[in-house]
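Below is one structure, written out as structure tokens; comments come after it.
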Amino acid sequence: MNELIDSIGRRIQYLRVSVTDRCNYRCCYCMPEDGITWLPHEKIMSYEEILELCRIFTQLGMKKVRFTGGEPLLRKGMAPFLSRFISTFPLLRVSLTTNGSLLFPLAEPLIASGIHSINVSLDTLSNERFRSMTRNGDVAQVLKGLDAINGKIKSIKLNSVLYKNIDEHDVFSLLEYAREKQYVLRFIEFMPANRQLWNEESYTSVDYIISIIQQHGRWVQYKDNNEVCSGPAAYYLEENTGQKIGVISAVSHNFCHLCNRIRLSSTGQLYPCLFSSISWDLLTPLRKNDYSTVLDRIIQAVKGKPRGKVFFGDAGVAVSRIGG
Ligand code: SAM
Ligand code: SF4
């Protein structure tokens with residue numbers, strides 16, 4: 001079988017696919033308050049085109065696909081598409097990252113789709129802070145959605161970005177909530193993906209979180225062997241309660257050598273790194289049935305994967321468009 005191996009030997013087996021650039025939130029670390037200009041529908045990959053490209057990627061050894069956005073659940077027909085995708089590629093590990101705002105109304109079809117794992121973004125449990133961070137979100141709606149899928153989807157993780165004025169009380173509330181509901185909570189460092197949104201004062205290292213939680217428990221680092229195509233997260237286990245948490249330290253620790261992923265934007269551009277300044281257009285040749293160019297560009301993109309950190313490489317393109 002063919003495999004995608006980059007110039008420094010990293011085996012690329014994890015594809016993140018953005019299904020839309022649109023979002024109903026305006027998270028302060030991801031989008032400007034007045035949003036971004038949405039792309040016209042004809043520029044966005046159809047579900048057929050996503051299936052077609054993923055067929056090529058699976059032939060190249062891809063083992064895991066994560067759907068993201070923008071907000072993937074805003075896209076019409078997403079849950080039936082997931083069912084179709086999972087039955088088309090029964091050997092792939094299929095996941096979704098969502099802001100959770102539409103989990104409640106879509107819980108049933110999502111569970112029925114057979115999706116293997118869902119990551120829900122939840123930066124805080126405080127109503128007020130949630131509304132201010134997302135600029136219009138309702139945390140109660142996200143929690144209701146989480147309750148609707150709890151225990152019915154095998155792996156549920158919570159992603160919490162460390163952004164500005166971290167409040168210890170908030171961190172412990174999230175920890176307690178995750179422990180009670182048995183979700184794996186992951187703290188993610190605010191990343192300088194976009195020059196306009198970045199400011200150093202809003203950044204907190206995951207080391208700070210580890211230092212404060214160590215005051216209330218015995219957290220020891222461990223390797224999560226259950227994670228398929230595990231990425232850059234480091235995991236910790238609390239010895240008394242058995243609670244597990246993850247930390248993703250994109251800024252404070254260099255884990256680029258472990259990176260096994262590439263990203264397909266909603267317009268079918270292949271980005272070898274979230275911070276890449278260049279991308280390879282797969283959609284144009286696909287629409288011309290020019291499969292050899294598609295294949296060639298995938299190979300070029302993997303060869304062009306940056307070796308290490310290139311923050312702000314792409315100041316002009318929003319994370320929500322590439323698929324964070
Ligand atoms: N809308 C969905 C969501 O929020 O989960 C999926 C897309 S969002 C771009 C994917 C993830 O990227 C979310 O967990 C979000 O918190 C994270 N993210 C976005 N911008 C970020 C930044 N500058 N630094 C760290 N994480 C970021
Ligand atoms: Fe939307 Fe997700 Fe970006 Fe927040 S992080 S604005 S929910 S795409």
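Each chain of the structure tokens is named A, B, ... in the order shown, its residues numbered from 1; ligands are numbered from 1 in display order.
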
I'd like the neighbourhood of Thr20 of chain A as a list in words, where a residue qualifies if any of its atoms comes within 7 Å (using only C-alpha atoms), though same-chain residues fewer than 3 positions away should be ignored. Gly69, Gly70, Glu71, Pro72, Arg75 and Ser266 of chain A

Enumerate as a PyMOL selection string all residues of segment 196-256 of chain A assigned to strand (DSSP E) by DSSP on the backbone, naming them with the chain letters and numbers the document uses. chain A and resi 219-222+234-238+244-248

Identify which of the residues A:Arg84, A:Arg263, A:His41, A:Lys303 lies closest to ligand 1, counting only C-alpha atoms and all ligand atoms when measuring atom-to-atom distances. A:Arg263

Between A:Arg261, A:Thr267, A:Asn165, A:Pro192, which one has atoms that come closest to Leu39 of chain A, using only C-alpha atoms? A:Thr267

Residues of chain A that approach ligand 1 to 9 Å or less, counting only C-alpha atoms and all ligand atoms: could you list each one with the shortest pair of atoms and its distance in Å to one decimal, rows by chain and increasing residue number, as JSON lines?
```
{"residue": "A:Ser18", "atom": "CA", "partner": "ligand 1", "partner_atom_place_in_ligand_line": "7 (C)", "distance": 7.9}
{"residue": "A:Asp21", "atom": "CA", "partner": "ligand 1", "partner_atom_place_in_ligand_line": "7 (C)", "distance": 8.9}
{"residue": "A:Arg22", "atom": "CA", "partner": "ligand 1", "partner_atom_place_in_ligand_line": "1 (N)", "distance": 8.6}
{"residue": "A:Cys23", "atom": "CA", "partner": "ligand 1", "partner_atom_place_in_ligand_line": "1 (N)", "distance": 6.5}
{"residue": "A:Asn24", "atom": "CA", "partner": "ligand 1", "partner_atom_place_in_ligand_line": "1 (N)", "distance": 8.4}
{"residue": "A:Tyr25", "atom": "CA", "partner": "ligand 1", "partner_atom_place_in_ligand_line": "1 (N)", "distance": 7.7}
{"residue": "A:Cys27", "atom": "CA", "partner": "ligand 1", "partner_atom_place_in_ligand_line": "19 (C)", "distance": 7.6}
{"residue": "A:Cys28", "atom": "CA", "partner": "ligand 1", "partner_atom_place_in_ligand_line": "20 (N)", "distance": 8.3}
{"residue": "A:Tyr29", "atom": "CA", "partner": "ligand 1", "partner_atom_place_in_ligand_line": "23 (N)", "distance": 4.6}
{"residue": "A:Cys30", "atom": "CA", "partner": "ligand 1", "partner_atom_place_in_ligand_line": "20 (N)", "distance": 4.0}
{"residue": "A:Met31", "atom": "CA", "partner": "ligand 1", "partner_atom_place_in_ligand_line": "20 (N)", "distance": 7.7}
{"residue": "A:Phe67", "atom": "CA", "partner": "ligand 1", "partner_atom_place_in_ligand_line": "6 (C)", "distance": 8.2}
{"residue": "A:Thr68", "atom": "CA", "partner": "ligand 1", "partner_atom_place_in_ligand_line": "6 (C)", "distance": 4.7}
{"residue": "A:Gly69", "atom": "CA", "partner": "ligand 1", "partner_atom_place_in_ligand_line": "7 (C)", "distance": 4.3}
{"residue": "A:Gly70", "atom": "CA", "partner": "ligand 1", "partner_atom_place_in_ligand_line": "1 (N)", "distance": 4.7}
{"residue": "A:Glu71", "atom": "CA", "partner": "ligand 1", "partner_atom_place_in_ligand_line": "1 (N)", "distance": 3.9}
{"residue": "A:Pro72", "atom": "CA", "partner": "ligand 1", "partner_atom_place_in_ligand_line": "6 (C)", "distance": 6.6}
{"residue": "A:Leu73", "atom": "CA", "partner": "ligand 1", "partner_atom_place_in_ligand_line": "1 (N)", "distance": 8.5}
{"residue": "A:Leu96", "atom": "CA", "partner": "ligand 1", "partner_atom_place_in_ligand_line": "6 (C)", "distance": 8.1}
{"residue": "A:Thr97", "atom": "CA", "partner": "ligand 1", "partner_atom_place_in_ligand_line": "5 (O)", "distance": 4.8}
{"residue": "A:Thr98", "atom": "CA", "partner": "ligand 1", "partner_atom_place_in_ligand_line": "5 (O)", "distance": 3.7}
{"residue": "A:Asn99", "atom": "CA", "partner": "ligand 1", "partner_atom_place_in_ligand_line": "3 (C)", "distance": 4.0}
{"residue": "A:Gly100", "atom": "CA", "partner": "ligand 1", "partner_atom_place_in_ligand_line": "5 (O)", "distance": 7.2}
{"residue": "A:Asn119", "atom": "CA", "partner": "ligand 1", "partner_atom_place_in_ligand_line": "5 (O)", "distance": 7.0}
{"residue": "A:Val120", "atom": "CA", "partner": "ligand 1", "partner_atom_place_in_ligand_line": "5 (O)", "distance": 5.6}
{"residue": "A:Ser121", "atom": "CA", "partner": "ligand 1", "partner_atom_place_in_ligand_line": "5 (O)", "distance": 4.5}
{"residue": "A:Leu122", "atom": "CA", "partner": "ligand 1", "partner_atom_place_in_ligand_line": "16 (O)", "distance": 7.7}
{"residue": "A:Asp123", "atom": "CA", "partner": "ligand 1", "partner_atom_place_in_ligand_line": "16 (O)", "distance": 7.5}
{"residue": "A:Leu158", "atom": "CA", "partner": "ligand 1", "partner_atom_place_in_ligand_line": "14 (O)", "distance": 8.3}
{"residue": "A:Asn159", "atom": "CA", "partner": "ligand 1", "partner_atom_place_in_ligand_line": "14 (O)", "distance": 5.3}
{"residue": "A:Ser160", "atom": "CA", "partner": "ligand 1", "partner_atom_place_in_ligand_line": "16 (O)", "distance": 6.5}
{"residue": "A:Val161", "atom": "CA", "partner": "ligand 1", "partner_atom_place_in_ligand_line": "16 (O)", "distance": 5.5}
{"residue": "A:Leu162", "atom": "CA", "partner": "ligand 1", "partner_atom_place_in_ligand_line": "25 (C)", "distance": 7.9}
{"residue": "A:Tyr163", "atom": "CA", "partner": "ligand 1", "partner_atom_place_in_ligand_line": "24 (N)", "distance": 8.5}
{"residue": "A:Ile188", "atom": "CA", "partner": "ligand 1", "partner_atom_place_in_ligand_line": "25 (C)", "distance": 6.0}
{"residue": "A:Glu189", "atom": "CA", "partner": "ligand 1", "partner_atom_place_in_ligand_line": "25 (C)", "distance": 5.7}
{"residue": "A:Phe190", "atom": "CA", "partner": "ligand 1", "partner_atom_place_in_ligand_line": "24 (N)", "distance": 3.7}
{"residue": "A:Met191", "atom": "CA", "partner": "ligand 1", "partner_atom_place_in_ligand_line": "24 (N)", "distance": 3.7}
{"residue": "A:Pro192", "atom": "CA", "partner": "ligand 1", "partner_atom_place_in_ligand_line": "23 (N)", "distance": 5.7}
{"residue": "A:Ala193", "atom": "CA", "partner": "ligand 1", "partner_atom_place_in_ligand_line": "23 (N)", "distance": 5.3}
{"residue": "A:Asn194", "atom": "CA", "partner": "ligand 1", "partner_atom_place_in_ligand_line": "23 (N)", "distance": 7.0}
{"residue": "A:Leu197", "atom": "CA", "partner": "ligand 1", "partner_atom_place_in_ligand_line": "23 (N)", "distance": 7.6}
{"residue": "A:Trp198", "atom": "CA", "partner": "ligand 1", "partner_atom_place_in_ligand_line": "23 (N)", "distance": 7.4}
{"residue": "A:Ala250", "atom": "CA", "partner": "ligand 1", "partner_atom_place_in_ligand_line": "25 (C)", "distance": 8.4}
{"residue": "A:Ala318", "atom": "CA", "partner": "ligand 1", "partner_atom_place_in_ligand_line": "9 (C)", "distance": 8.5}
{"residue": "A:Val319", "atom": "CA", "partner": "ligand 1", "partner_atom_place_in_ligand_line": "9 (C)", "distance": 5.4}
{"residue": "A:Ser320", "atom": "CA", "partner": "ligand 1", "partner_atom_place_in_ligand_line": "9 (C)", "distance": 4.3}
{"residue": "A:Arg321", "atom": "CA", "partner": "ligand 1", "partner_atom_place_in_ligand_line": "9 (C)", "distance": 7.7}
{"residue": "A:Ile322", "atom": "CA", "partner": "ligand 1", "partner_atom_place_in_ligand_line": "9 (C)", "distance": 7.9}
{"residue": "A:Gly323", "atom": "CA", "partner": "ligand 1", "partner_atom_place_in_ligand_line": "9 (C)", "distance": 5.4}
{"residue": "A:Gly324", "atom": "CA", "partner": "ligand 1", "partner_atom_place_in_ligand_line": "9 (C)", "distance": 3.8}
```

Which distance in Å separates atom CA of Thr124 of chain A and atom CA of His169 of chain A, to one decimal?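 Straight-line distance from atom CA of Thr124 of chain A to atom CA of His169 of chain A works out to 10.1 Å.
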
Two-atom distance - atom CA of Ser202 of chain A, atom CA of Leu175 of chain A (Å): 21.2 Å

Selection near segment 210-222 of chain A, 12 Å with only C-alpha atoms, sequence-local residues under 4 positions removed, as a PDB file with N, CA and C atoms, in the first residue's frame:
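Result file follows (selection_28.pdb):
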```pdb
ATOM      1  N   ILE A 166      -7.223  33.883  32.860  1.00  0.00           N
ATOM      2  CA  ILE A 166      -7.639  32.545  33.288  1.00  0.00           C
ATOM      3  C   ILE A 166      -7.983  32.605  34.777  1.00  0.00           C
ATOM      4  N   ASP A 167      -9.137  32.078  35.092  1.00  0.00           N
ATOM      5  CA  ASP A 167      -9.616  32.128  36.458  1.00  0.00           C
ATOM      6  C   ASP A 167      -9.522  30.702  37.027  1.00  0.00           C
ATOM      7  N   GLU A 168      -8.788  30.567  38.133  1.00  0.00           N
ATOM      8  CA  GLU A 168      -8.577  29.220  38.709  1.00  0.00           C
ATOM      9  C   GLU A 168      -9.899  28.530  39.000  1.00  0.00           C
ATOM     10  N   HIS A 169     -10.855  29.305  39.490  1.00  0.00           N
ATOM     11  CA  HIS A 169     -12.159  28.753  39.838  1.00  0.00           C
ATOM     12  C   HIS A 169     -12.796  28.099  38.595  1.00  0.00           C
ATOM     13  N   ASP A 170     -12.632  28.806  37.476  1.00  0.00           N
ATOM     14  CA  ASP A 170     -13.150  28.328  36.196  1.00  0.00           C
ATOM     15  C   ASP A 170     -12.501  26.994  35.793  1.00  0.00           C
ATOM     16  N   VAL A 171     -11.172  26.937  35.974  1.00  0.00           N
ATOM     17  CA  VAL A 171     -10.423  25.726  35.625  1.00  0.00           C
ATOM     18  C   VAL A 171     -10.922  24.556  36.476  1.00  0.00           C
ATOM     19  N   PHE A 172     -11.091  24.794  37.773  1.00  0.00           N
ATOM     20  CA  PHE A 172     -11.534  23.700  38.642  1.00  0.00           C
ATOM     21  C   PHE A 172     -12.989  23.307  38.377  1.00  0.00           C
ATOM     22  N   SER A 173     -13.831  24.275  37.989  1.00  0.00           N
ATOM     23  CA  SER A 173     -15.224  23.925  37.650  1.00  0.00           C
ATOM     24  C   SER A 173     -15.246  23.013  36.428  1.00  0.00           C
ATOM     25  N   LEU A 174     -14.421  23.358  35.437  1.00  0.00           N
ATOM     26  CA  LEU A 174     -14.369  22.529  34.219  1.00  0.00           C
ATOM     27  C   LEU A 174     -13.861  21.119  34.540  1.00  0.00           C
ATOM     28  N   LEU A 175     -12.813  21.083  35.389  1.00  0.00           N
ATOM     29  CA  LEU A 175     -12.243  19.781  35.777  1.00  0.00           C
ATOM     30  C   LEU A 175     -13.292  18.896  36.455  1.00  0.00           C
ATOM     31  N   GLU A 176     -14.032  19.533  37.366  1.00  0.00           N
ATOM     32  CA  GLU A 176     -15.031  18.785  38.131  1.00  0.00           C
ATOM     33  C   GLU A 176     -16.157  18.300  37.214  1.00  0.00           C
ATOM     34  N   ARG A 186      -9.317  18.716  27.637  1.00  0.00           N
ATOM     35  CA  ARG A 186      -7.986  19.062  27.116  1.00  0.00           C
ATOM     36  C   ARG A 186      -7.820  20.576  27.098  1.00  0.00           C
ATOM     37  N   PHE A 187      -6.733  21.023  27.686  1.00  0.00           N
ATOM     38  CA  PHE A 187      -6.430  22.452  27.682  1.00  0.00           C
ATOM     39  C   PHE A 187      -5.513  22.737  26.493  1.00  0.00           C
ATOM     40  N   THR A 204      -1.604  31.966  27.805  1.00  0.00           N
ATOM     41  CA  THR A 204      -1.180  31.296  29.043  1.00  0.00           C
ATOM     42  C   THR A 204      -0.627  29.926  28.670  1.00  0.00           C
ATOM     43  N   SER A 205       0.509  29.578  29.265  1.00  0.00           N
ATOM     44  CA  SER A 205       1.104  28.280  28.949  1.00  0.00           C
ATOM     45  C   SER A 205       0.347  27.168  29.690  1.00  0.00           C
ATOM     46  N   VAL A 206       0.319  25.970  29.112  1.00  0.00           N
ATOM     47  CA  VAL A 206      -0.324  24.843  29.815  1.00  0.00           C
ATOM     48  C   VAL A 206       0.446  24.503  31.099  1.00  0.00           C
ATOM     49  N   ASN A 226      -4.945   4.470  23.784  1.00  0.00           N
ATOM     50  CA  ASN A 226      -6.233   4.204  23.126  1.00  0.00           C
ATOM     51  C   ASN A 226      -6.471   5.134  21.956  1.00  0.00           C
ATOM     52  N   ALA A 233      -1.142  15.954  21.832  1.00  0.00           N
ATOM     53  CA  ALA A 233      -1.595  16.133  23.220  1.00  0.00           C
ATOM     54  C   ALA A 233      -0.765  15.271  24.168  1.00  0.00           C
ATOM     55  N   ALA A 234      -0.427  15.852  25.336  1.00  0.00           N
ATOM     56  CA  ALA A 234       0.196  15.066  26.408  1.00  0.00           C
ATOM     57  C   ALA A 234      -0.923  14.804  27.415  1.00  0.00           C
ATOM     58  N   TYR A 235      -0.961  13.598  27.973  1.00  0.00           N
ATOM     59  CA  TYR A 235      -2.069  13.263  28.875  1.00  0.00           C
ATOM     60  C   TYR A 235      -1.588  13.073  30.306  1.00  0.00           C
ATOM     61  N   TYR A 236      -2.458  13.433  31.244  1.00  0.00           N
ATOM     62  CA  TYR A 236      -2.164  13.289  32.680  1.00  0.00           C
ATOM     63  C   TYR A 236      -3.299  12.525  33.341  1.00  0.00           C
ATOM     64  N   LEU A 237      -2.929  11.752  34.349  1.00  0.00           N
ATOM     65  CA  LEU A 237      -3.909  10.947  35.086  1.00  0.00           C
ATOM     66  C   LEU A 237      -3.840  11.332  36.563  1.00  0.00           C
ATOM     67  N   GLU A 238      -5.013  11.537  37.165  1.00  0.00           N
ATOM     68  CA  GLU A 238      -5.025  11.836  38.599  1.00  0.00           C
ATOM     69  C   GLU A 238      -5.120  10.496  39.319  1.00  0.00           C
ATOM     70  N   GLU A 239      -4.143  10.234  40.170  1.00  0.00           N
ATOM     71  CA  GLU A 239      -4.002   8.874  40.701  1.00  0.00           C
ATOM     72  C   GLU A 239      -5.155   8.433  41.603  1.00  0.00           C
ATOM     73  N   ASN A 240      -5.790   9.368  42.300  1.00  0.00           N
ATOM     74  CA  ASN A 240      -6.853   8.961  43.213  1.00  0.00           C
ATOM     75  C   ASN A 240      -8.204   8.785  42.527  1.00  0.00           C
ATOM     76  N   THR A 241      -8.523   9.736  41.638  1.00  0.00           N
ATOM     77  CA  THR A 241      -9.855   9.689  41.017  1.00  0.00           C
ATOM     78  C   THR A 241      -9.840   8.951  39.677  1.00  0.00           C
ATOM     79  N   GLY A 242      -8.661   8.795  39.072  1.00  0.00           N
ATOM     80  CA  GLY A 242      -8.571   8.159  37.751  1.00  0.00           C
ATOM     81  C   GLY A 242      -8.943   9.115  36.625  1.00  0.00           C
ATOM     82  N   GLN A 243      -9.156  10.406  36.957  1.00  0.00           N
ATOM     83  CA  GLN A 243      -9.508  11.362  35.898  1.00  0.00           C
ATOM     84  C   GLN A 243      -8.327  11.565  34.952  1.00  0.00           C
ATOM     85  N   LYS A 244      -8.659  11.709  33.649  1.00  0.00           N
ATOM     86  CA  LYS A 244      -7.611  11.956  32.655  1.00  0.00           C
ATOM     87  C   LYS A 244      -7.820  13.331  32.041  1.00  0.00           C
ATOM     88  N   ILE A 245      -6.735  14.036  31.838  1.00  0.00           N
ATOM     89  CA  ILE A 245      -6.832  15.306  31.094  1.00  0.00           C
ATOM     90  C   ILE A 245      -5.719  15.341  30.050  1.00  0.00           C
ATOM     91  N   GLY A 246      -5.885  16.225  29.077  1.00  0.00           N
ATOM     92  CA  GLY A 246      -4.840  16.391  28.069  1.00  0.00           C
ATOM     93  C   GLY A 246      -4.402  17.845  28.019  1.00  0.00           C
ATOM     94  N   VAL A 247      -3.180  18.077  27.569  1.00  0.00           N
ATOM     95  CA  VAL A 247      -2.741  19.458  27.340  1.00  0.00           C
ATOM     96  C   VAL A 247      -2.092  19.525  25.949  1.00  0.00           C
ATOM     97  N   ILE A 248      -2.408  20.598  25.246  1.00  0.00           N
ATOM     98  CA  ILE A 248      -1.831  20.779  23.904  1.00  0.00           C
ATOM     99  C   ILE A 248      -1.055  22.095  23.920  1.00  0.00           C
ATOM    100  N   SER A 249       0.265  21.938  23.908  1.00  0.00           N
ATOM    101  CA  SER A 249       1.128  23.097  24.144  1.00  0.00           C
ATOM    102  C   SER A 249       1.824  23.498  22.853  1.00  0.00           C
TER     103      SER A 249
END
```

Which residue of A:Gln269, A:Asn260, A:Ser276, A:Ser101 approaches ligand 2 most closely, using only C-alpha atoms and all ligand atoms: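 Ranking A:Gln269, A:Asn260, A:Ser276, A:Ser101 by distance to ligand 2, first place goes to A:Ser101.
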
Expressed in Å, the length from atom CA of Pro90 of chain A to atom CA of Gly114 of chain A is 10.1 Å

Between A:Ser132, A:Ser292, A:Ser117, A:Asn199, single out the one closest to ligand 2, counting only C-alpha atoms and all ligand atoms.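 Once distances to ligand 2 are computed over only C-alpha atoms and all ligand atoms, the minimum belongs to A:Ser132.
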
Rank A:Leu110, A:Val142, A:Leu258, A:Leu60 by their smallest atom-to-atom distance to ligand 2, using only C-alpha atoms and all ligand atoms, and report the top residue only.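 Between A:Leu110, A:Val142, A:Leu258, A:Leu60, the residue approaching ligand 2 most closely is A:Val142.
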
Could you pull out all residues of segment 264-299 of chain A with a DSSP call of alpha helix (DSSP H) and give them as a short mmCIF file (atom, residue, chain, number, x, y, z; two decimals) with N, CA, C and O atoms, in the first residue's frame?
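So the final result, stored in states25.cif, reads:
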```cif
data_model
loop_
_atom_site.label_atom_id
_atom_site.label_comp_id
_atom_site.auth_asym_id
_atom_site.auth_seq_id
_atom_site.Cartn_x
_atom_site.Cartn_y
_atom_site.Cartn_z
N LEU A 283 -9.22 20.85 -5.52
CA LEU A 283 -10.59 20.85 -6.03
C LEU A 283 -10.65 21.12 -7.54
O LEU A 283 -11.43 20.48 -8.26
N THR A 284 -9.80 22.04 -8.01
CA THR A 284 -9.85 22.37 -9.44
C THR A 284 -9.54 21.12 -10.29
O THR A 284 -10.35 20.76 -11.16
N PRO A 285 -8.43 20.42 -10.04
CA PRO A 285 -8.20 19.21 -10.86
C PRO A 285 -9.26 18.13 -10.62
O PRO A 285 -9.65 17.43 -11.56
N LEU A 286 -9.78 18.04 -9.39
CA LEU A 286 -10.81 17.02 -9.14
C LEU A 286 -12.04 17.30 -10.00
O LEU A 286 -12.63 16.39 -10.58
N ARG A 287 -12.40 18.59 -10.10
CA ARG A 287 -13.59 18.96 -10.89
C ARG A 287 -13.37 18.72 -12.39
O ARG A 287 -14.32 18.68 -13.16
N TYR A 291 -7.25 13.15 -12.03
CA TYR A 291 -6.82 12.49 -10.79
C TYR A 291 -5.30 12.46 -10.63
O TYR A 291 -4.79 12.46 -9.52
N SER A 292 -4.58 12.44 -11.76
CA SER A 292 -3.12 12.35 -11.60
C SER A 292 -2.58 13.66 -11.03
O SER A 292 -1.65 13.66 -10.22
N THR A 293 -3.21 14.81 -11.39
CA THR A 293 -2.77 16.09 -10.79
C THR A 293 -3.14 16.12 -9.30
O THR A 293 -2.36 16.59 -8.48
N VAL A 294 -4.33 15.60 -8.96
CA VAL A 294 -4.72 15.57 -7.54
C VAL A 294 -3.66 14.81 -6.76
O VAL A 294 -3.14 15.29 -5.74
N LEU A 295 -3.32 13.64 -7.26
CA LEU A 295 -2.35 12.78 -6.56
C LEU A 295 -0.99 13.48 -6.45
O LEU A 295 -0.36 13.50 -5.40
N ASP A 296 -0.59 14.06 -7.56
CA ASP A 296 0.70 14.75 -7.59
C ASP A 296 0.75 15.88 -6.56
O ASP A 296 1.73 16.06 -5.84
N ARG A 297 -0.37 16.64 -6.46
CA ARG A 297 -0.39 17.78 -5.52
C ARG A 297 -0.40 17.30 -4.08
O ARG A 297 0.16 17.95 -3.20
N ILE A 298 -1.06 16.16 -3.83
CA ILE A 298 -1.05 15.63 -2.45
C ILE A 298 0.40 15.30 -2.07
O ILE A 298 0.89 15.65 -0.99
N ILE A 299 1.10 14.66 -3.00
CA ILE A 299 2.49 14.26 -2.72
C ILE A 299 3.37 15.51 -2.53
O ILE A 299 4.17 15.58 -1.61
#
```

Report as an mmCIF file with N, CA, C and O atoms, in the first residue's frame all protein, DNA and RNA residues lying within 7 Å of Leu82 of chain A, evaluated on only C-alpha atoms, omitting residues in the same chain fewer than 4 positions from it.
```cif
data_model
loop_
_atom_site.group_PDB
_atom_site.id
_atom_site.type_symbol
_atom_site.label_atom_id
_atom_site.label_comp_id
_atom_site.auth_asym_id
_atom_site.auth_seq_id
_atom_site.Cartn_x
_atom_site.Cartn_y
_atom_site.Cartn_z
ATOM 1 N N MET A 78 -25.220 17.332 7.456
ATOM 2 C CA MET A 78 -23.939 16.840 7.975
ATOM 3 C C MET A 78 -24.086 15.449 8.609
ATOM 4 O O MET A 78 -23.248 14.569 8.369
ATOM 5 N N ILE A 86 -19.095 7.015 6.933
ATOM 6 C CA ILE A 86 -18.631 5.906 7.780
ATOM 7 C C ILE A 86 -18.910 4.562 7.107
ATOM 8 O O ILE A 86 -18.093 3.647 7.169
ATOM 9 N N SER A 113 -25.210 7.870 13.327
ATOM 10 C CA SER A 113 -24.230 7.838 12.225
ATOM 11 C C SER A 113 -23.081 6.870 12.517
ATOM 12 O O SER A 113 -22.373 6.462 11.619
#
```

Nearest to ligand 2, restricted to only C-alpha atoms and all ligand atoms and choosing among A:Ile12, A:Val139, A:Leu91, A:Ala107, comes out as A:Val139

Between segment 90-193 of chain A and segment 34-37 of chain A, at 12 Å or less, what are the per-residue closest atom pairs and their distances in Å? Count only C-alpha atoms, order by chain and rising residue number, and return it as JSON lines.
```
{"residue": "A:Thr134", "atom": "CA", "partner": "A:Gly35", "partner_atom": "CA", "distance": 11.5}
{"residue": "A:Arg135", "atom": "CA", "partner": "A:Asp34", "partner_atom": "CA", "distance": 9.9}
{"residue": "A:Asn136", "atom": "CA", "partner": "A:Asp34", "partner_atom": "CA", "distance": 11.8}
```
